[in-house]
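Here the structure comes first, spelled out in structure tokens, and everything after it is commentary.
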Amino acid sequence: MTLLITGGLGFIGSAVVRRLLSTTDEVVVNLDCRTYAASPESLGAWLGHPRHVHLEADICDAAAVRAAFAQHRPSRVMHLAAESHVDRSIDGPAAFIRTNVVGTQVLLEAAREYWSALDGPAKDAFRFHHVSTDEVFGSLDSRDDKPFDEHTRYDPRSPYSASKAASDHLVRAWQHTYGLPTFVSNTTNNYGPWQFPEKLIPLVTLNALEGRPLPVYGDGSNIRDWIHVEDHAEALCLALFRGQPGATYCLGPRQERTNLEVVRAICATLDRLRPDPAGPRERLITFVRDRPGHDFRYAMDPSGAEAALGWRAKHDFESGLAQTIAWYLDNEAWWRPIREKRYAGQRLGGVAA
């Protein structure tokens with residue numbers, strides 16, 4: 001069996017590829033155009049494994065995508081390739097529309113053309129798994145609001161979430177109109193090793209190590225539910241093989257924290273693992289102008305997915321965060337060149353509302 005994974009050099013995608021290669025006998029075709037956030041190092045020895053094929057191609061390149069299907073003849077597809085940082089979508093929404101919307105349409109059309117030519121068991125077994133976010137559901141206005149689930153209506157608020165909502169709708173439309181056997185999974189904020197340091201946890205960790213200000217948007221009261229990337233990868237791989245056409249799987253760990261609580265936990269963990277002679281790192285916390293249109297709270301009810309997939313998140317946030325921070329402490333050779341050449345930790349998404 002051959003599996004086609006898009007975005008397999010990204011943070012979540014690489015965790016999926018590592019898991020598939022280490023727990024199955026499948027051939028993994030990794031279609032990734034190596035954007036700024038791609039990290040081939042995250043695959044380690046798996047990068048050159050005989051069951052791993054890297055295709056450097058853009059999902060918006062219809063000819064290249066069709067060729068990937070024709071040459072490798074996948075039995076299942078997991079679509080992870082996406083522009084994913086909200087702040088970057090505020091600064092430059094066009095790239096998000098191109099990759100997340102147009103790219104998904106290109107991939108769906110190539111998959112439909114390929115699937116339509118299959119017959120018998122191969123056609124019946126084919127699946128197209130689209131990986132999405134909880135941000136498509138909009139914002140919960142209080143701590144008491146019911147978490148999102150498979151029946152929550154869409155209400156995206158940022159260019160990023162709007163582009164992902166559009167791609168979700170396309171995936172479902174191709175299933176409803178053409179019969180292409182697709183399904184969608186939505187998840188919460190991911191964290192863990194190899195995450196590009198524009199996201200909150202690695203950004204704050206590295207700034208704290210360097211004694212730089214730790215930016216917290218607004219008053220830090222915005223709430224997110226944090227899932228370890230290895231837990232998410234496990235759920236995605238289970239869904240790839242067990243997911244049913246037309247279904248939605250909401251994946252989350254039930255571990256909500258305010259942004260300020262996360263930043264303080266990072267400071268406390270670093271103070272324990274690598275004390276700063278200048279004093280506790282909470283002194284570096286700096287409240288900055290809020291993100292335009294900042295959603296207050298995201299939370300997911302994963303009960304349906306847990307029952308359907310036989311899965312439950314294993315990492316608790318405190319131990320998962322400690323493991324993640326320890327990884328960054330031990331892997332400066334990976335993140336230092338990124339900070340020096342690709343992203344130095346500057347504010348993104350600062351366009352006025």
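In the structure tokens, each chain is lettered A, B, ... as it comes, each chain's residues begin at 1, and ligands are numbered from 1 in order of appearance.
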
So that I can check the surroundings of region 132-139 of chain A, please list as a PDB file with all heavy atoms, in the first residue's frame every protein, DNA and RNA residue that reaches within 9 Å of it, counting only C-alpha atoms and ignoring chain neighbours fewer than 4 positions away.
```
ATOM      1  N   LEU A  80      -2.113  17.590   4.584  1.00  0.00           N
ATOM      2  CA  LEU A  80      -1.666  18.452   5.672  1.00  0.00           C
ATOM      3  C   LEU A  80      -1.068  19.766   5.191  1.00  0.00           C
ATOM      4  O   LEU A  80      -0.965  20.718   5.971  1.00  0.00           O
ATOM      5  CB  LEU A  80      -0.608  17.731   6.514  1.00  0.00           C
ATOM      6  CG  LEU A  80      -1.082  16.625   7.441  1.00  0.00           C
ATOM      7  CD1 LEU A  80      -0.105  15.469   7.439  1.00  0.00           C
ATOM      8  CD2 LEU A  80      -1.257  17.160   8.847  1.00  0.00           C
ATOM      9  N   PHE A 148     -16.372  23.136  21.058  1.00  0.00           N
ATOM     10  CA  PHE A 148     -16.715  22.762  19.689  1.00  0.00           C
ATOM     11  C   PHE A 148     -16.845  21.243  19.573  1.00  0.00           C
ATOM     12  O   PHE A 148     -16.147  20.492  20.258  1.00  0.00           O
ATOM     13  CB  PHE A 148     -15.632  23.210  18.703  1.00  0.00           C
ATOM     14  CG  PHE A 148     -15.265  24.668  18.772  1.00  0.00           C
ATOM     15  CD1 PHE A 148     -13.933  25.060  18.774  1.00  0.00           C
ATOM     16  CD2 PHE A 148     -16.239  25.644  18.814  1.00  0.00           C
ATOM     17  CE1 PHE A 148     -13.572  26.397  18.824  1.00  0.00           C
ATOM     18  CE2 PHE A 148     -15.895  26.996  18.858  1.00  0.00           C
ATOM     19  CZ  PHE A 148     -14.551  27.372  18.872  1.00  0.00           C
ATOM     20  N   THR A 152     -20.736  21.753  15.373  1.00  0.00           N
ATOM     21  CA  THR A 152     -20.608  23.195  15.535  1.00  0.00           C
ATOM     22  C   THR A 152     -20.589  23.881  14.170  1.00  0.00           C
ATOM     23  O   THR A 152     -19.891  23.442  13.258  1.00  0.00           O
ATOM     24  CB  THR A 152     -19.324  23.542  16.301  1.00  0.00           C
ATOM     25  OG1 THR A 152     -19.329  22.865  17.569  1.00  0.00           O
ATOM     26  CG2 THR A 152     -19.199  25.037  16.516  1.00  0.00           C
ATOM     27  N   ARG A 153     -21.339  24.970  14.061  1.00  0.00           N
ATOM     28  CA  ARG A 153     -21.353  25.690  12.784  1.00  0.00           C
ATOM     29  C   ARG A 153     -20.045  26.455  12.607  1.00  0.00           C
ATOM     30  O   ARG A 153     -19.366  26.815  13.577  1.00  0.00           O
ATOM     31  CB  ARG A 153     -22.536  26.652  12.720  1.00  0.00           C
ATOM     32  CG  ARG A 153     -22.430  27.867  13.620  1.00  0.00           C
ATOM     33  CD  ARG A 153     -23.633  28.784  13.435  1.00  0.00           C
ATOM     34  NE  ARG A 153     -23.539  29.974  14.273  1.00  0.00           N
ATOM     35  CZ  ARG A 153     -22.916  31.100  13.900  1.00  0.00           C
ATOM     36  NH1 ARG A 153     -22.334  31.170  12.715  1.00  0.00           N
ATOM     37  NH2 ARG A 153     -22.875  32.137  14.713  1.00  0.00           N
ATOM     38  N   TYR A 154     -19.713  26.712  11.361  1.00  0.00           N
ATOM     39  CA  TYR A 154     -18.481  27.424  11.044  1.00  0.00           C
ATOM     40  C   TYR A 154     -18.666  28.931  11.235  1.00  0.00           C
ATOM     41  O   TYR A 154     -19.695  29.494  10.875  1.00  0.00           O
ATOM     42  CB  TYR A 154     -18.052  27.124   9.611  1.00  0.00           C
ATOM     43  CG  TYR A 154     -17.266  25.837   9.461  1.00  0.00           C
ATOM     44  CD1 TYR A 154     -17.624  24.686  10.155  1.00  0.00           C
ATOM     45  CD2 TYR A 154     -16.158  25.770   8.636  1.00  0.00           C
ATOM     46  CE1 TYR A 154     -16.903  23.520  10.031  1.00  0.00           C
ATOM     47  CE2 TYR A 154     -15.433  24.598   8.483  1.00  0.00           C
ATOM     48  CZ  TYR A 154     -15.810  23.475   9.193  1.00  0.00           C
ATOM     49  OH  TYR A 154     -15.088  22.322   9.060  1.00  0.00           O
ATOM     50  N   ASP A 155     -17.612  29.571  11.759  1.00  0.00           N
ATOM     51  CA  ASP A 155     -17.644  31.018  11.969  1.00  0.00           C
ATOM     52  C   ASP A 155     -16.215  31.550  12.006  1.00  0.00           C
ATOM     53  O   ASP A 155     -15.778  32.141  12.997  1.00  0.00           O
ATOM     54  CB  ASP A 155     -18.383  31.340  13.279  1.00  0.00           C
ATOM     55  CG  ASP A 155     -18.587  32.837  13.490  1.00  0.00           C
ATOM     56  OD1 ASP A 155     -18.600  33.589  12.479  1.00  0.00           O
ATOM     57  OD2 ASP A 155     -18.733  33.248  14.650  1.00  0.00           O
ATOM     58  N   PRO A 156     -15.435  31.361  10.930  1.00  0.00           N
ATOM     59  CA  PRO A 156     -14.024  31.766  10.948  1.00  0.00           C
ATOM     60  C   PRO A 156     -13.874  33.278  11.064  1.00  0.00           C
ATOM     61  O   PRO A 156     -14.654  34.035  10.509  1.00  0.00           O
ATOM     62  CB  PRO A 156     -13.488  31.243   9.618  1.00  0.00           C
ATOM     63  CG  PRO A 156     -14.691  31.214   8.716  1.00  0.00           C
ATOM     64  CD  PRO A 156     -15.837  30.825   9.611  1.00  0.00           C
ATOM     65  N   ARG A 157     -12.791  33.700  11.765  1.00  0.00           N
ATOM     66  CA  ARG A 157     -12.623  35.125  12.054  1.00  0.00           C
ATOM     67  C   ARG A 157     -11.344  35.721  11.492  1.00  0.00           C
ATOM     68  O   ARG A 157     -11.208  36.953  11.498  1.00  0.00           O
ATOM     69  CB  ARG A 157     -12.611  35.332  13.576  1.00  0.00           C
ATOM     70  CG  ARG A 157     -13.789  34.721  14.347  1.00  0.00           C
ATOM     71  CD  ARG A 157     -15.076  35.466  14.126  1.00  0.00           C
ATOM     72  NE  ARG A 157     -16.136  34.969  14.995  1.00  0.00           N
ATOM     73  CZ  ARG A 157     -16.401  35.454  16.221  1.00  0.00           C
ATOM     74  NH1 ARG A 157     -15.674  36.418  16.731  1.00  0.00           N
ATOM     75  NH2 ARG A 157     -17.395  34.958  16.925  1.00  0.00           N
ATOM     76  N   SER A 158     -10.378  34.924  11.082  1.00  0.00           N
ATOM     77  CA  SER A 158      -9.104  35.441  10.571  1.00  0.00           C
ATOM     78  C   SER A 158      -8.918  34.982   9.135  1.00  0.00           C
ATOM     79  O   SER A 158      -9.566  34.026   8.684  1.00  0.00           O
ATOM     80  CB  SER A 158      -7.937  34.928  11.423  1.00  0.00           C
ATOM     81  OG  SER A 158      -7.737  33.533  11.205  1.00  0.00           O
ATOM     82  N   TYR A 160      -6.501  33.260   8.037  1.00  0.00           N
ATOM     83  CA  TYR A 160      -6.100  31.853   8.119  1.00  0.00           C
ATOM     84  C   TYR A 160      -7.295  30.941   8.303  1.00  0.00           C
ATOM     85  O   TYR A 160      -7.495  29.985   7.554  1.00  0.00           O
ATOM     86  CB  TYR A 160      -5.103  31.650   9.262  1.00  0.00           C
ATOM     87  CG  TYR A 160      -4.956  30.202   9.665  1.00  0.00           C
ATOM     88  CD1 TYR A 160      -4.472  29.264   8.757  1.00  0.00           C
ATOM     89  CD2 TYR A 160      -5.321  29.767  10.944  1.00  0.00           C
ATOM     90  CE1 TYR A 160      -4.361  27.925   9.106  1.00  0.00           C
ATOM     91  CE2 TYR A 160      -5.207  28.438  11.300  1.00  0.00           C
ATOM     92  CZ  TYR A 160      -4.728  27.518  10.385  1.00  0.00           C
ATOM     93  OH  TYR A 160      -4.628  26.194  10.726  1.00  0.00           O
ATOM     94  N   SER A 161      -8.111  31.204   9.322  1.00  0.00           N
ATOM     95  CA  SER A 161      -9.227  30.296   9.602  1.00  0.00           C
ATOM     96  C   SER A 161     -10.250  30.315   8.480  1.00  0.00           C
ATOM     97  O   SER A 161     -10.873  29.287   8.183  1.00  0.00           O
ATOM     98  CB  SER A 161      -9.878  30.641  10.939  1.00  0.00           C
ATOM     99  OG  SER A 161     -10.385  31.956  10.965  1.00  0.00           O
ATOM    100  N   ALA A 162     -10.420  31.474   7.825  1.00  0.00           N
ATOM    101  CA  ALA A 162     -11.342  31.534   6.684  1.00  0.00           C
ATOM    102  C   ALA A 162     -10.842  30.678   5.534  1.00  0.00           C
ATOM    103  O   ALA A 162     -11.626  29.988   4.861  1.00  0.00           O
ATOM    104  CB  ALA A 162     -11.524  32.980   6.234  1.00  0.00           C
ATOM    105  N   SER A 163      -9.522  30.677   5.312  1.00  0.00           N
ATOM    106  CA  SER A 163      -8.979  29.853   4.222  1.00  0.00           C
ATOM    107  C   SER A 163      -9.109  28.365   4.545  1.00  0.00           C
ATOM    108  O   SER A 163      -9.391  27.553   3.659  1.00  0.00           O
ATOM    109  CB  SER A 163      -7.514  30.223   3.952  1.00  0.00           C
ATOM    110  OG  SER A 163      -6.658  29.811   5.010  1.00  0.00           O
ATOM    111  N   LYS A 164      -8.941  27.997   5.810  1.00  0.00           N
ATOM    112  CA  LYS A 164      -9.113  26.593   6.192  1.00  0.00           C
ATOM    113  C   LYS A 164     -10.585  26.188   6.149  1.00  0.00           C
ATOM    114  O   LYS A 164     -10.915  25.064   5.751  1.00  0.00           O
ATOM    115  CB  LYS A 164      -8.530  26.344   7.587  1.00  0.00           C
ATOM    116  CG  LYS A 164      -7.017  26.376   7.645  1.00  0.00           C
ATOM    117  CD  LYS A 164      -6.358  25.322   6.766  1.00  0.00           C
ATOM    118  CE  LYS A 164      -6.563  23.927   7.314  1.00  0.00           C
ATOM    119  NZ  LYS A 164      -5.845  22.906   6.495  1.00  0.00           N
ATOM    120  N   ALA A 165     -11.472  27.080   6.539  1.00  0.00           N
ATOM    121  CA  ALA A 165     -12.900  26.786   6.440  1.00  0.00           C
ATOM    122  C   ALA A 165     -13.297  26.556   4.983  1.00  0.00           C
ATOM    123  O   ALA A 165     -14.055  25.620   4.673  1.00  0.00           O
ATOM    124  CB  ALA A 165     -13.721  27.926   7.041  1.00  0.00           C
ATOM    125  N   ALA A 166     -12.775  27.383   4.102  1.00  0.00           N
ATOM    126  CA  ALA A 166     -13.073  27.211   2.683  1.00  0.00           C
ATOM    127  C   ALA A 166     -12.588  25.859   2.184  1.00  0.00           C
ATOM    128  O   ALA A 166     -13.295  25.164   1.433  1.00  0.00           O
ATOM    129  CB  ALA A 166     -12.425  28.337   1.871  1.00  0.00           C
ATOM    130  N   SER A 167     -11.390  25.454   2.605  1.00  0.00           N
ATOM    131  CA  SER A 167     -10.876  24.153   2.169  1.00  0.00           C
ATOM    132  C   SER A 167     -11.699  23.011   2.735  1.00  0.00           C
ATOM    133  O   SER A 167     -11.956  22.019   2.049  1.00  0.00           O
ATOM    134  CB  SER A 167      -9.396  24.011   2.537  1.00  0.00           C
ATOM    135  OG  SER A 167      -9.202  23.980   3.933  1.00  0.00           O
ATOM    136  N   ASP A 168     -12.156  23.134   3.976  1.00  0.00           N
ATOM    137  CA  ASP A 168     -13.032  22.117   4.556  1.00  0.00           C
ATOM    138  C   ASP A 168     -14.313  21.974   3.727  1.00  0.00           C
ATOM    139  O   ASP A 168     -14.776  20.860   3.445  1.00  0.00           O
ATOM    140  CB  ASP A 168     -13.427  22.487   5.982  1.00  0.00           C
ATOM    141  CG  ASP A 168     -12.281  22.431   6.974  1.00  0.00           C
ATOM    142  OD1 ASP A 168     -11.124  22.257   6.553  1.00  0.00           O
ATOM    143  OD2 ASP A 168     -12.541  22.585   8.182  1.00  0.00           O
ATOM    144  N   VAL A 184     -12.860  14.818   7.226  1.00  0.00           N
ATOM    145  CA  VAL A 184     -12.130  15.952   7.783  1.00  0.00           C
ATOM    146  C   VAL A 184     -11.827  15.705   9.249  1.00  0.00           C
ATOM    147  O   VAL A 184     -12.669  15.162   9.978  1.00  0.00           O
ATOM    148  CB  VAL A 184     -12.955  17.254   7.634  1.00  0.00           C
ATOM    149  CG1 VAL A 184     -12.249  18.436   8.302  1.00  0.00           C
ATOM    150  CG2 VAL A 184     -13.248  17.555   6.166  1.00  0.00           C
ATOM    151  N   SER A 185     -10.636  16.092   9.682  1.00  0.00           N
ATOM    152  CA  SER A 185     -10.348  16.141  11.109  1.00  0.00           C
ATOM    153  C   SER A 185      -9.973  17.570  11.486  1.00  0.00           C
ATOM    154  O   SER A 185      -9.311  18.268  10.720  1.00  0.00           O
ATOM    155  CB  SER A 185      -9.226  15.168  11.498  1.00  0.00           C
ATOM    156  OG  SER A 185      -8.010  15.505  10.874  1.00  0.00           O
ATOM    157  N   ASN A 186     -10.440  17.995  12.644  1.00  0.00           N
ATOM    158  CA  ASN A 186     -10.119  19.323  13.170  1.00  0.00           C
ATOM    159  C   ASN A 186      -9.442  19.151  14.517  1.00  0.00           C
ATOM    160  O   ASN A 186      -9.838  18.287  15.309  1.00  0.00           O
ATOM    161  CB  ASN A 186     -11.386  20.158  13.371  1.00  0.00           C
ATOM    162  CG  ASN A 186     -12.185  20.326  12.097  1.00  0.00           C
ATOM    163  OD1 ASN A 186     -12.952  19.446  11.720  1.00  0.00           O
ATOM    164  ND2 ASN A 186     -12.006  21.444  11.429  1.00  0.00           N
ATOM    165  N   THR A 187      -8.441  19.977  14.788  1.00  0.00           N
ATOM    166  CA  THR A 187      -7.722  19.816  16.045  1.00  0.00           C
ATOM    167  C   THR A 187      -7.394  21.145  16.680  1.00  0.00           C
ATOM    168  O   THR A 187      -7.645  22.215  16.116  1.00  0.00           O
ATOM    169  CB  THR A 187      -6.446  18.990  15.839  1.00  0.00           C
ATOM    170  OG1 THR A 187      -5.969  18.532  17.115  1.00  0.00           O
ATOM    171  CG2 THR A 187      -5.350  19.826  15.191  1.00  0.00           C
ATOM    172  N   THR A 188      -6.799  21.070  17.858  1.00  0.00           N
ATOM    173  CA  THR A 188      -6.472  22.222  18.677  1.00  0.00           C
ATOM    174  C   THR A 188      -5.015  22.626  18.451  1.00  0.00           C
ATOM    175  O   THR A 188      -4.333  22.088  17.581  1.00  0.00           O
ATOM    176  CB  THR A 188      -6.721  21.881  20.150  1.00  0.00           C
ATOM    177  OG1 THR A 188      -5.918  20.750  20.505  1.00  0.00           O
ATOM    178  CG2 THR A 188      -8.178  21.513  20.380  1.00  0.00           C
ATOM    179  N   ASN A 189      -4.507  23.562  19.267  1.00  0.00           N
ATOM    180  CA  ASN A 189      -3.116  24.007  19.135  1.00  0.00           C
ATOM    181  C   ASN A 189      -2.149  22.856  19.394  1.00  0.00           C
ATOM    182  O   ASN A 189      -2.225  22.195  20.429  1.00  0.00           O
ATOM    183  CB  ASN A 189      -2.823  25.124  20.136  1.00  0.00           C
ATOM    184  CG  ASN A 189      -3.296  26.473  19.654  1.00  0.00           C
ATOM    185  OD1 ASN A 189      -4.312  26.579  18.966  1.00  0.00           O
ATOM    186  ND2 ASN A 189      -2.574  27.515  20.015  1.00  0.00           N
ATOM    187  N   CYS A 250     -13.181  15.492  15.592  1.00  0.00           N
ATOM    188  CA  CYS A 250     -12.651  16.585  16.397  1.00  0.00           C
ATOM    189  C   CYS A 250     -11.650  16.017  17.395  1.00  0.00           C
ATOM    190  O   CYS A 250     -12.022  15.226  18.270  1.00  0.00           O
ATOM    191  CB  CYS A 250     -13.785  17.319  17.113  1.00  0.00           C
ATOM    192  SG  CYS A 250     -14.808  18.312  16.008  1.00  0.00           S
ATOM    193  N   LEU A 251     -10.400  16.428  17.278  1.00  0.00           N
ATOM    194  CA  LEU A 251      -9.300  15.840  18.039  1.00  0.00           C
ATOM    195  C   LEU A 251      -8.756  16.855  19.039  1.00  0.00           C
ATOM    196  O   LEU A 251      -8.306  17.934  18.653  1.00  0.00           O
ATOM    197  CB  LEU A 251      -8.180  15.401  17.090  1.00  0.00           C
ATOM    198  CG  LEU A 251      -8.608  14.497  15.939  1.00  0.00           C
ATOM    199  CD1 LEU A 251      -7.462  14.317  14.951  1.00  0.00           C
ATOM    200  CD2 LEU A 251      -9.089  13.143  16.467  1.00  0.00           C
ATOM    201  N   HIS A 294      -8.518  39.102  17.712  1.00  0.00           N
ATOM    202  CA  HIS A 294      -8.037  37.944  18.462  1.00  0.00           C
ATOM    203  C   HIS A 294      -9.207  37.158  19.069  1.00  0.00           C
ATOM    204  O   HIS A 294      -9.952  37.670  19.910  1.00  0.00           O
ATOM    205  CB  HIS A 294      -7.099  38.414  19.563  1.00  0.00           C
ATOM    206  CG  HIS A 294      -6.219  37.353  20.125  1.00  0.00           C
ATOM    207  ND1 HIS A 294      -5.262  37.604  21.081  1.00  0.00           N
ATOM    208  CD2 HIS A 294      -6.138  36.022  19.873  1.00  0.00           C
ATOM    209  CE1 HIS A 294      -4.636  36.496  21.392  1.00  0.00           C
ATOM    210  NE2 HIS A 294      -5.154  35.509  20.671  1.00  0.00           N
ATOM    211  N   ASP A 295      -9.387  35.893  18.670  1.00  0.00           N
ATOM    212  CA  ASP A 295     -10.435  35.042  19.232  1.00  0.00           C
ATOM    213  C   ASP A 295     -10.128  34.767  20.702  1.00  0.00           C
ATOM    214  O   ASP A 295      -8.980  34.493  21.073  1.00  0.00           O
ATOM    215  CB  ASP A 295     -10.525  33.719  18.467  1.00  0.00           C
ATOM    216  CG  ASP A 295     -11.081  33.896  17.053  1.00  0.00           C
ATOM    217  OD1 ASP A 295     -11.694  34.948  16.785  1.00  0.00           O
ATOM    218  OD2 ASP A 295     -10.896  32.974  16.236  1.00  0.00           O
ATOM    219  N   PHE A 296     -11.195  34.757  21.529  1.00  0.00           N
ATOM    220  CA  PHE A 296     -10.975  34.601  22.971  1.00  0.00           C
ATOM    221  C   PHE A 296     -10.618  33.174  23.350  1.00  0.00           C
ATOM    222  O   PHE A 296      -9.623  32.932  24.053  1.00  0.00           O
ATOM    223  CB  PHE A 296     -12.218  35.042  23.760  1.00  0.00           C
ATOM    224  CG  PHE A 296     -12.095  34.783  25.233  1.00  0.00           C
ATOM    225  CD1 PHE A 296     -11.155  35.469  25.985  1.00  0.00           C
ATOM    226  CD2 PHE A 296     -12.895  33.836  25.866  1.00  0.00           C
ATOM    227  CE1 PHE A 296     -11.012  35.219  27.346  1.00  0.00           C
ATOM    228  CE2 PHE A 296     -12.760  33.586  27.225  1.00  0.00           C
ATOM    229  CZ  PHE A 296     -11.822  34.283  27.966  1.00  0.00           C
ATOM    230  N   ARG A 297     -11.412  32.199  22.899  1.00  0.00           N
ATOM    231  CA  ARG A 297     -11.203  30.829  23.386  1.00  0.00           C
ATOM    232  C   ARG A 297     -11.522  29.820  22.297  1.00  0.00           C
ATOM    233  O   ARG A 297     -12.493  29.970  21.554  1.00  0.00           O
ATOM    234  CB  ARG A 297     -12.101  30.569  24.598  1.00  0.00           C
ATOM    235  CG  ARG A 297     -12.084  29.139  25.117  1.00  0.00           C
ATOM    236  CD  ARG A 297     -12.993  28.973  26.330  1.00  0.00           C
ATOM    237  NE  ARG A 297     -13.171  27.569  26.692  1.00  0.00           N
ATOM    238  CZ  ARG A 297     -14.357  26.961  26.829  1.00  0.00           C
ATOM    239  NH1 ARG A 297     -15.491  27.644  26.662  1.00  0.00           N
ATOM    240  NH2 ARG A 297     -14.425  25.676  27.139  1.00  0.00           N
ATOM    241  N   TYR A 298     -10.667  28.799  22.200  1.00  0.00           N
ATOM    242  CA  TYR A 298     -10.955  27.599  21.411  1.00  0.00           C
ATOM    243  C   TYR A 298     -10.943  26.404  22.357  1.00  0.00           C
ATOM    244  O   TYR A 298     -10.068  26.297  23.214  1.00  0.00           O
ATOM    245  CB  TYR A 298      -9.903  27.338  20.332  1.00  0.00           C
ATOM    246  CG  TYR A 298      -9.629  28.460  19.373  1.00  0.00           C
ATOM    247  CD1 TYR A 298      -8.320  28.761  18.996  1.00  0.00           C
ATOM    248  CD2 TYR A 298     -10.652  29.212  18.801  1.00  0.00           C
ATOM    249  CE1 TYR A 298      -8.035  29.765  18.090  1.00  0.00           C
ATOM    250  CE2 TYR A 298     -10.385  30.224  17.903  1.00  0.00           C
ATOM    251  CZ  TYR A 298      -9.071  30.506  17.555  1.00  0.00           C
ATOM    252  OH  TYR A 298      -8.803  31.509  16.659  1.00  0.00           O
ATOM    253  N   ALA A 299     -11.892  25.512  22.198  1.00  0.00           N
ATOM    254  CA  ALA A 299     -11.904  24.271  22.964  1.00  0.00           C
ATOM    255  C   ALA A 299     -12.667  23.223  22.169  1.00  0.00           C
ATOM    256  O   ALA A 299     -13.635  23.548  21.482  1.00  0.00           O
ATOM    257  CB  ALA A 299     -12.554  24.476  24.326  1.00  0.00           C
ATOM    258  N   MET A 300     -12.247  21.990  22.247  1.00  0.00           N
ATOM    259  CA  MET A 300     -12.809  20.917  21.444  1.00  0.00           C
ATOM    260  C   MET A 300     -13.312  19.785  22.342  1.00  0.00           C
ATOM    261  O   MET A 300     -12.650  19.404  23.311  1.00  0.00           O
ATOM    262  CB  MET A 300     -11.729  20.363  20.508  1.00  0.00           C
ATOM    263  CG  MET A 300     -12.255  19.504  19.401  1.00  0.00           C
ATOM    264  SD  MET A 300     -12.740  20.478  17.971  1.00  0.00           S
ATOM    265  CE  MET A 300     -11.147  20.706  17.184  1.00  0.00           C
TER     266      MET A 300
END
```

#### Entry: Residues near region 204-207 of chain A, cut-off 10 Å, only C-alpha atoms, skip fewer than 6 positions along chain, as JSON, numbers by chain
{"A": [197, 198, 213, 214, 215, 216, 262, 263, 264, 266, 267, 269, 270, 284, 285, 324, 325, 328, 329, 332, 335, 336, 339, 344, 345]}

For the residues in the current selection, export N, CA and C atoms as a short mmCIF file (atom, residue, chain, number, x, y, z; two decimals), in the first residue's frame.
```cif
data_model
loop_
_atom_site.label_atom_id
_atom_site.label_comp_id
_atom_site.auth_asym_id
_atom_site.auth_seq_id
_atom_site.Cartn_x
_atom_site.Cartn_y
_atom_site.Cartn_z
N PRO A 197 9.91 28.25 15.17
CA PRO A 197 9.84 29.15 16.32
C PRO A 197 9.13 30.48 16.08
N GLU A 198 8.07 30.47 15.26
CA GLU A 198 7.17 31.62 15.19
C GLU A 198 5.95 31.39 16.09
N PRO A 213 12.52 39.98 25.68
CA PRO A 213 11.14 40.12 26.14
C PRO A 213 10.27 38.95 25.69
N LEU A 214 9.32 38.57 26.53
CA LEU A 214 8.39 37.50 26.23
C LEU A 214 7.03 38.14 25.92
N PRO A 215 6.70 38.31 24.64
CA PRO A 215 5.49 39.06 24.27
C PRO A 215 4.22 38.27 24.56
N VAL A 216 3.28 38.89 25.24
CA VAL A 216 1.97 38.31 25.52
C VAL A 216 0.92 39.26 24.98
N VAL A 262 0.44 29.61 29.92
CA VAL A 262 1.44 28.89 29.14
C VAL A 262 2.80 29.56 29.26
N VAL A 263 2.83 30.88 29.13
CA VAL A 263 4.11 31.60 29.21
C VAL A 263 4.72 31.44 30.59
N ARG A 264 3.92 31.54 31.63
CA ARG A 264 4.45 31.35 32.99
C ARG A 264 4.95 29.94 33.21
N ILE A 266 6.25 28.02 30.91
CA ILE A 266 7.54 27.95 30.21
C ILE A 266 8.64 28.55 31.07
N CYS A 267 8.36 29.71 31.66
CA CYS A 267 9.35 30.36 32.52
C CYS A 267 9.74 29.46 33.69
N THR A 269 9.50 26.21 33.96
CA THR A 269 10.22 25.02 33.51
C THR A 269 11.66 25.35 33.17
N LEU A 270 11.88 26.46 32.46
CA LEU A 270 13.24 26.86 32.13
C LEU A 270 14.04 27.22 33.38
N LEU A 284 10.64 38.82 32.39
CA LEU A 284 10.74 39.19 30.97
C LEU A 284 9.37 39.31 30.31
N ILE A 285 8.30 38.90 30.98
CA ILE A 285 6.97 38.95 30.37
C ILE A 285 6.60 40.40 30.05
N THR A 324 9.19 19.08 25.76
CA THR A 324 9.40 19.94 24.60
C THR A 324 10.50 20.96 24.86
N ILE A 325 10.46 21.60 26.01
CA ILE A 325 11.48 22.59 26.33
C ILE A 325 12.85 21.94 26.44
N TYR A 328 14.29 21.57 23.01
CA TYR A 328 14.88 22.80 22.46
C TYR A 328 16.22 23.12 23.13
N LEU A 329 16.35 22.83 24.41
CA LEU A 329 17.62 23.04 25.08
C LEU A 329 18.71 22.15 24.49
N GLU A 332 19.96 23.14 20.00
CA GLU A 332 20.27 24.49 19.54
C GLU A 332 20.81 24.48 18.11
N TRP A 335 17.70 25.03 15.91
CA TRP A 335 16.95 26.30 15.92
C TRP A 335 17.83 27.53 15.78
N ARG A 336 19.09 27.45 16.13
CA ARG A 336 19.93 28.65 16.05
C ARG A 336 20.03 29.19 14.62
N ARG A 339 16.85 31.08 13.75
CA ARG A 339 16.77 32.40 14.40
C ARG A 339 17.71 33.40 13.72
N ALA A 344 13.83 35.75 13.19
CA ALA A 344 14.57 36.16 14.37
C ALA A 344 13.68 36.42 15.58
N GLY A 345 12.38 36.14 15.45
CA GLY A 345 11.47 36.34 16.57
C GLY A 345 10.72 37.65 16.53
#
```

### Task
Please return as a ChimeraX atom specification: the residues of region 105-200 of chain A that backbone DSSP assigns to strand (DSSP E).
/A:127-133,182-187,189-191

### Task
Compile the contact shell of region 68-70 of chain A as a list of chain:residue names: residues with an atom at most 10 Å away, counting only C-alpha atoms, same-chain residues fewer than 6 positions apart removed.
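Within the cut-off, the hits are A:Leu4, A:Val29, A:Asn30, A:Leu31, A:Leu55, A:Ala57, A:Ala62, A:Val77, A:Leu107, A:Ala110, A:Ala111, A:Glu113, A:Tyr114, A:Trp115.
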
### Task
List the neighbours of region 303-318 of chain A out to 12 Å using only C-alpha atoms; skip same-chain residues closer than 5 positions along the sequence, and give me the result as a PyMOL selection string.
chain A and resi 147-151+184-192+201+224-244+247-257+261-262+264-266+268-269+323-325
